[in-house]
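Just coords09.cif here, mmCIF, C-alpha atoms:
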```
data_model
#
loop_
_atom_site.label_atom_id
_atom_site.label_comp_id
_atom_site.auth_asym_id
_atom_site.auth_seq_id
_atom_site.Cartn_x
_atom_site.Cartn_y
_atom_site.Cartn_z
CA MET L 1 99.45 48.76 117.68
CA ILE L 2 102.66 47.38 116.14
CA ALA L 3 100.94 46.88 112.82
CA ARG L 4 99.59 50.43 112.94
CA LEU L 5 103.05 51.88 113.74
CA ALA L 6 104.55 49.84 110.91
CA ALA L 7 101.97 51.24 108.53
CA VAL L 8 102.74 54.80 109.67
CA PHE L 9 106.46 54.14 109.21
CA LEU L 10 105.93 52.90 105.65
CA VAL L 11 103.84 55.96 104.77
CA LEU L 12 106.51 58.29 106.19
CA ALA L 13 109.30 56.44 104.39
CA ALA L 14 107.42 56.68 101.11
CA SER L 15 106.86 60.39 101.67
CA VAL L 16 110.55 61.01 102.36
CA GLN L 17 111.52 59.06 99.26
CA SER L 18 109.05 61.06 97.15
CA VAL L 19 110.39 64.38 98.46
CA ALA L 20 113.97 63.29 97.79
CA ALA L 21 113.11 62.30 94.23
CA GLN L 22 111.26 65.57 93.65
CA SER L 23 114.23 67.51 95.04
CA LEU L 24 116.60 65.72 92.67
CA GLN L 25 114.44 66.48 89.66
CA SER L 26 113.96 70.08 90.78
CA THR L 27 117.73 70.38 90.99
CA LEU L 28 117.95 69.31 87.36
CA PHE L 29 115.24 71.85 86.54
CA ASP L 30 117.47 74.59 87.94
CA VAL L 31 120.70 73.22 86.46
CA LEU L 32 119.13 73.26 82.99
CA GLY L 33 118.27 76.93 83.41
CA MET L 34 114.58 76.24 82.96
CA PRO L 35 113.42 79.09 85.23
CA GLN L 36 115.29 81.45 82.90
CA MET L 37 113.79 79.68 79.90
CA VAL L 38 110.30 80.29 81.30
CA GLU L 39 111.18 83.98 81.68
CA ILE L 40 112.17 84.08 78.00
CA ALA L 41 108.99 82.23 76.99
CA ARG L 42 107.02 84.82 78.94
CA GLU L 43 108.73 87.67 77.08
CA GLU L 44 107.95 85.94 73.77
CA GLY L 45 104.32 85.54 74.81
CA LEU L 46 104.05 89.17 75.86
CA ALA L 47 105.46 90.27 72.50
CA THR L 48 102.96 88.08 70.65
CA ALA L 49 100.11 89.46 72.73
CA GLU L 50 101.26 93.02 72.14
CA ASN L 51 101.30 92.47 68.38
CA LEU L 52 97.86 90.88 68.55
CA GLY L 53 96.51 93.83 70.50
CA THR L 54 97.98 96.35 68.09
CA ASP L 55 96.56 94.54 65.06
CA VAL L 56 93.10 93.68 66.38
CA PHE L 57 92.43 96.41 68.96
CA PRO L 58 94.18 99.54 67.70
CA GLY L 59 93.91 102.32 70.24
CA ARG L 60 92.74 99.93 72.97
CA SER L 61 95.81 97.77 73.49
CA ASP L 62 97.41 100.01 76.13
CA GLY L 63 94.74 99.66 78.81
CA GLU L 64 92.28 96.83 79.21
CA TRP L 65 94.17 94.51 76.87
CA GLN L 66 97.43 94.95 78.76
CA ARG L 67 95.68 94.18 82.05
CA LYS L 68 94.25 90.97 80.61
CA VAL L 69 97.62 89.95 79.16
CA SER L 70 99.47 90.63 82.42
CA ARG L 71 97.08 88.29 84.24
CA ILE L 72 97.74 85.54 81.69
CA TYR L 73 101.53 85.80 81.75
CA GLN L 74 102.28 85.68 85.48
CA LEU L 75 105.84 84.46 85.84
CA ASN L 76 105.48 82.59 89.14
CA ALA L 77 102.45 80.65 87.98
CA MET L 78 104.11 79.84 84.65
CA THR L 79 107.27 78.61 86.36
CA ASP L 80 105.34 76.47 88.85
CA LEU L 81 103.38 74.80 86.04
CA VAL L 82 106.48 74.04 83.97
CA GLU L 83 108.43 72.73 86.94
CA ALA L 84 105.57 70.48 88.10
CA ASN L 85 105.16 68.94 84.66
CA PHE L 86 108.91 68.56 84.16
CA THR L 87 109.62 66.86 87.48
CA GLN L 88 106.68 64.48 87.06
CA ALA L 89 107.93 63.41 83.63
CA LEU L 90 111.34 62.19 84.85
CA SER L 91 112.34 59.35 87.14
CA PRO L 92 115.00 59.84 89.84
CA GLU L 93 117.33 57.52 87.91
CA GLU L 94 116.95 59.56 84.74
CA ALA L 95 117.51 62.80 86.65
CA THR L 96 120.67 61.40 88.23
CA SER L 97 122.11 60.39 84.87
CA LEU L 98 121.29 63.76 83.33
CA LEU L 99 122.76 65.69 86.26
CA GLN L 100 126.08 63.94 85.69
CA PHE L 101 126.20 65.42 82.20
CA PHE L 102 124.79 68.89 82.85
CA THR L 103 126.83 69.62 85.99
CA SER L 104 130.04 68.98 84.06
CA ALA L 105 131.91 71.88 82.45
CA ARG L 106 130.64 70.69 79.06
CA GLY L 107 127.02 70.56 80.20
CA GLU L 108 127.18 73.95 81.92
CA SER L 109 128.60 75.48 78.74
CA ILE L 110 125.77 74.02 76.65
CA VAL L 111 123.09 75.40 78.97
CA THR L 112 124.73 78.85 79.02
CA LEU L 113 124.96 78.96 75.22
CA GLU L 114 121.35 77.84 74.75
CA LEU L 115 120.01 80.47 77.13
CA SER L 116 122.17 83.22 75.66
CA ALA L 117 121.06 82.44 72.11
CA ARG L 118 117.40 82.16 73.07
CA ARG L 119 117.51 85.52 74.81
CA ALA L 120 119.42 87.09 71.91
CA LEU L 121 116.67 86.03 69.50
CA LEU L 122 114.21 88.26 71.36
CA ASP L 123 115.86 91.03 69.37
CA GLU L 124 114.24 91.06 65.92
CA GLU L 125 117.40 92.26 64.20
CA ILE L 126 119.47 89.46 65.71
CA GLU L 127 116.78 86.94 64.82
CA GLU L 128 116.76 88.09 61.19
CA ALA L 129 120.57 88.03 61.02
CA SER L 130 120.65 84.50 62.46
CA LYS L 131 118.24 83.31 59.77
CA VAL L 132 120.43 84.77 57.05
CA ALA L 133 123.49 83.12 58.59
CA ALA L 134 121.66 79.79 58.85
CA THR L 135 120.72 79.93 55.16
CA GLN L 136 124.34 80.55 54.22
CA MET L 137 125.56 77.70 56.44
CA ALA L 138 122.97 75.37 54.90
CA ALA L 139 124.35 76.17 51.44
CA GLU L 140 127.90 75.48 52.61
CA TYR L 141 126.79 72.36 54.53
CA GLY L 142 129.88 72.23 56.71
CA GLN L 143 130.54 70.04 59.73
CA HIS L 144 128.91 72.39 62.23
CA TYR L 145 125.69 72.53 60.21
CA GLN L 146 125.68 68.75 59.80
CA LEU L 147 126.03 68.21 63.54
CA VAL L 148 123.19 70.61 64.30
CA GLU L 149 121.09 68.79 61.71
CA GLU L 150 121.93 65.49 63.42
CA PHE L 151 120.96 66.94 66.80
CA ILE L 152 117.62 68.16 65.46
CA ASP L 153 116.90 64.77 63.89
CA ALA L 154 118.01 62.81 66.98
CA ASN L 155 115.53 64.75 69.12
CA ASN L 156 112.77 64.91 66.49
CA LEU L 157 112.62 68.63 67.14
CA VAL L 158 110.82 69.71 63.99
CA ASP L 159 107.85 67.36 64.26
CA SER L 160 107.54 67.79 68.03
CA ASN L 161 107.63 71.59 67.85
CA VAL L 162 105.20 71.67 64.94
CA ALA L 163 102.78 69.49 66.90
CA GLY L 164 103.12 71.79 69.90
CA ALA L 165 102.52 74.88 67.77
CA LEU L 166 99.42 73.32 66.19
CA ASN L 167 98.05 72.42 69.62
CA ALA L 168 98.67 75.96 70.86
CA SER L 169 96.95 77.40 67.79
CA LEU L 170 93.95 75.13 68.33
CA ALA L 171 93.82 76.19 71.98
CA PHE L 172 93.71 79.83 70.86
CA TYR L 173 90.76 79.12 68.57
CA ARG L 174 88.99 77.26 71.38
CA GLY L 175 89.49 80.29 73.60
CA LEU L 176 87.98 82.51 70.90
CA ALA L 177 85.04 80.13 70.50
CA ASP L 178 84.38 79.80 74.23
CA GLY L 179 84.48 83.57 74.48
CA GLY L 180 81.79 83.89 71.83
CA ALA L 181 83.99 85.25 69.02
CA TYR L 182 82.92 82.47 66.65
CA PRO L 183 79.41 81.67 65.48
CA ALA L 184 77.80 78.69 67.19
CA GLU L 185 77.83 76.62 64.02
CA MET L 186 81.63 76.67 63.89
CA GLY L 187 82.44 73.60 65.92
CA GLU L 188 85.57 71.67 66.80
CA ARG L 189 85.90 70.11 63.36
CA ALA L 190 85.97 73.50 61.64
CA MET L 191 88.57 74.79 64.08
CA VAL L 192 90.78 71.73 63.58
CA ALA L 193 90.52 72.16 59.81
CA GLU L 194 91.48 75.82 60.11
CA VAL L 195 94.48 75.00 62.28
CA TRP L 196 95.60 72.10 60.09
CA SER L 197 95.55 74.39 57.04
CA GLN L 198 98.41 76.28 58.74
CA GLU L 199 100.61 73.20 59.12
CA GLY L 200 102.81 73.84 56.08
CA GLU L 201 103.55 77.43 57.03
CA ILE L 202 104.13 76.51 60.67
CA ARG L 203 106.53 73.71 59.68
CA GLN L 204 108.52 76.02 57.42
CA ASN L 205 108.76 78.76 60.05
CA MET L 206 109.59 76.30 62.83
CA THR L 207 112.33 74.62 60.82
CA GLU L 208 113.85 77.98 59.94
CA TRP L 209 113.71 79.12 63.56
CA LEU L 210 115.19 75.90 64.98
CA TYR L 211 118.19 75.95 62.68
CA SER L 212 118.85 79.65 63.20
CA TYR L 213 118.58 79.24 66.98
CA LEU L 214 120.70 76.12 67.36
CA LEU L 215 123.34 77.19 64.85
CA LEU L 216 123.69 80.43 66.79
CA ALA L 217 123.75 78.67 70.16
CA TYR L 218 126.28 75.98 69.31
CA GLU L 219 128.61 78.02 67.10
CA PRO L 220 131.18 78.49 69.93
CA LEU L 221 130.80 74.87 71.09
CA PRO L 222 133.70 72.53 70.31
CA THR L 223 132.81 69.75 67.88
CA GLN L 224 133.45 67.02 70.44
CA ASP L 225 131.09 68.69 72.93
CA LEU L 226 128.28 68.95 70.41
CA GLN L 227 128.85 65.31 69.44
CA ALA L 228 128.68 64.33 73.11
CA TYR L 229 125.35 66.16 73.38
CA ILE L 230 124.04 64.26 70.35
CA ASP L 231 125.24 61.00 71.91
CA LEU L 232 123.38 61.87 75.13
CA SER L 233 120.21 62.52 73.11
CA GLN L 234 120.36 58.98 71.80
CA THR L 235 120.48 57.39 75.27
CA PRO L 236 117.33 56.47 77.25
CA ALA L 237 118.02 59.33 79.67
CA GLY L 238 118.46 61.81 76.82
CA ALA L 239 115.22 60.66 75.20
CA ALA L 240 113.48 61.02 78.58
CA LEU L 241 114.80 64.58 78.90
CA ASN L 242 113.46 65.47 75.47
CA ARG L 243 110.02 64.09 76.37
CA ALA L 244 110.09 65.90 79.70
CA MET L 245 110.89 69.23 78.06
CA PHE L 246 107.88 68.96 75.78
CA ALA L 247 105.71 67.66 78.63
CA ALA L 248 106.76 70.72 80.63
CA PHE L 249 106.20 73.45 78.06
CA GLU L 250 103.35 72.23 75.85
CA PRO L 251 100.67 72.59 78.56
CA LEU L 252 101.99 76.08 79.31
CA PHE L 253 101.74 77.17 75.69
CA SER L 254 98.29 75.63 75.29
CA GLU L 255 96.97 77.22 78.50
CA THR L 256 98.31 80.69 77.71
CA SER L 257 97.11 80.44 74.08
CA TYR L 258 93.62 79.47 75.23
CA ALA L 259 93.55 82.31 77.76
CA LEU L 260 94.77 84.75 75.12
CA GLY L 261 92.02 83.65 72.73
CA ARG L 262 89.42 83.99 75.47
CA ALA L 263 90.69 87.45 76.36
CA ALA L 264 90.62 88.51 72.71
CA ALA L 265 87.02 87.32 72.42
CA GLU L 266 86.07 89.38 75.48
CA MET L 267 87.72 92.44 73.95
CA MET L 268 85.82 91.88 70.70
CA ALA L 269 82.55 91.61 72.57
CA SER L 270 83.13 94.83 74.50
CA GLN L 271 84.18 96.56 71.29
CA GLU L 272 80.89 95.62 69.64
CA LEU L 273 78.98 97.05 72.60
#
```

What would the structure in this file look like if it were written as structure tokens?
Amino acid sequence: MIARLAAVFLVLAASVQSVAAQSLQSTLFDVLGMPQMVEIAREEGLATAENLGTDVFPGRSDGEWQRKVSRIYQLNAMTDLVEANFTQALSPEEATSLLQFFTSARGESIVTLELSARRALLDEEIEEASKVAATQMAAEYGQHYQLVEEFIDANNLVDSNVAGALNASLAFYRGLADGGAYPAEMGERAMVAEVWSQEGEIRQNMTEWLYSYLLLAYEPLPTQDLQAYIDLSQTPAGAALNRAMFAAFEPLFSETSYALGRAAAEMMASQEL
């Protein structure tokens, strides 16, 4: 009996510890403004889907296509997926260290600026203007540009985002194939080759977007605060945060891209009928 009670106590203690750790990491999830970031990612996805529908299904994108897209981009499900992946990718110790930074006035300012810039770039005119500004700042190569460049390099943002974009593109092709939009003889190797042929263009576009976004976001940030953020990125906790961010969002982008490809294939099939 004593042994059995001891075993029950250990199980309960482990459960309490797990819940506490999850709560800590979920707190960081909220502090970083990730629910808002998922909302922005959803709006970006909806815009992409709308453009796809207009290009591929002219005259049919307002009805059936919109219903399919709305089922793919359900905010609650997207947020739950991102939060689950994010919290699993961080240890309680890492979350504690990161909370110390991001609950400070400096950290709160960084999160606010990142969210504001990301939402601003939903406007095509602002996005285009930010790219022009980034090109000019690159030519001048001042201190602010150099620090943003250092931040991008410290977090390996170009390569990581390119890899994520390639994976999402491949997922879209797999969705098309599974939906019957590709001939049977076009297998995985052909799809990978098709996706890889886009790598150069994706890298160029991603690099341009990253610089325009981060230069816009961090323009009001004092130099010492941006340097502190770079310094954080180079710590074990900062590296863990970077990995957790990609672990959180990459599955979301791959899943929605696959579903979008599958939905497009279904639309093509019904169009042929």

Give me, please, the distance in Å between CA of Gly53 in chain L and CA of Tyr173 in chain L, quoted to one decimal.
->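 Interatomic distance, CA of Gly53 in chain L to CA of Tyr173 in chain L: 15.9 Å.
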
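Of the residues under consideration (L:Phe101, L:Ile152, L:Thr256, L:Ala264), L:Ala264 shows the shortest atom-to-atom contact distance to Asp55 in chain L when counting all atoms listed in the file.
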
Just say which residues the PyMOL selection byres ((chain L and resi 155) around 12) picks in this file, as a PyMOL selection string.
-> chain L and resi 148-154+156-161+210+229-236+238-246

Using all atoms listed in the file, the shortest atom-to-atom distance to Lys131 in chain L among L:Gln198, L:Asn205, L:Ala84, L:Asn167 belongs to L:Asn205

From the set L:Phe253, L:Trp196, L:Tyr258, L:Tyr145, which residue has the shortest atom-to-atom contact distance to Leu216 in chain L, counting all atoms listed in the file?
->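 Among the listed residues, L:Tyr145 lies closest to Leu216 in chain L.
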
Please work out which residues fall within 6 Å of (108.9, 69.5, 89.4), coordinates as given in the file, with only C-alpha atoms counting, and return them as a PyMOL selection string.
-> chain L and resi 26+83-84+86-88

From the set L:Ala134, L:Val82, L:Ala237, L:Val111, which residue has the shortest atom-to-atom contact distance to Thr96 in chain L, counting only C-alpha atoms?
->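 Among the listed residues, L:Ala237 lies closest to Thr96 in chain L.
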
Evaluate the PyMOL selection byres ((chain L and resi 32) around 12) here and jot the selected residues down as a ChimeraX atom specification.
-> /L:25-31,33-38,83,86,95,98-104,107-115,241,245

Evaluated on this file, the PyMOL selection byres ((chain L and resi 213) around 8) picks out some residues - which ones are they, written as a compact mmCIF listing (two decimals) with C-alpha atoms, keeping the file's coordinate frame?
```txt
# COMPACT_ATOMS: atom_id res chain seq x y z
CA ALA L 117 121.06 82.44 72.11
CA ARG L 118 117.40 82.16 73.07
CA LEU L 121 116.67 86.03 69.50
CA SER L 130 120.65 84.50 62.46
CA TRP L 209 113.71 79.12 63.56
CA LEU L 210 115.19 75.90 64.98
CA TYR L 211 118.19 75.95 62.68
CA SER L 212 118.85 79.65 63.20
CA LEU L 214 120.70 76.12 67.36
CA LEU L 215 123.34 77.19 64.85
CA LEU L 216 123.69 80.43 66.79
CA ALA L 217 123.75 78.67 70.16
```

Give as a list in words each residue that has an atom at most 10 Å from (95.4, 79.7, 72.5) in the file, counting only C-alpha atoms.
->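 The residues that fall inside the cut-off are Ala165, Leu166, Asn167, Ala168, Ser169, Leu170, Ala171, Phe172, Tyr173, Arg174, Gly175, Leu176, Phe253, Ser254, Glu255, Thr256, Ser257, Tyr258, Ala259, Leu260, Gly261, Arg262 and Ala263 of chain L.
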
Restricting the calculation to all atoms listed in the file, which member of L:Leu46, L:Ala105, L:Ala139, L:Met267 is positioned closest to Trp65 in chain L?
->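 Smallest separation from Trp65 in chain L among the options: L:Met267.
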
For Ala265 in chain L, please output as a list in words all residues within 7 Å (counting all atoms listed in the file; exclusion window: fewer than 5 positions along the same chain).
-> Leu176, Gly179, Gly180 and Ala181 of chain L
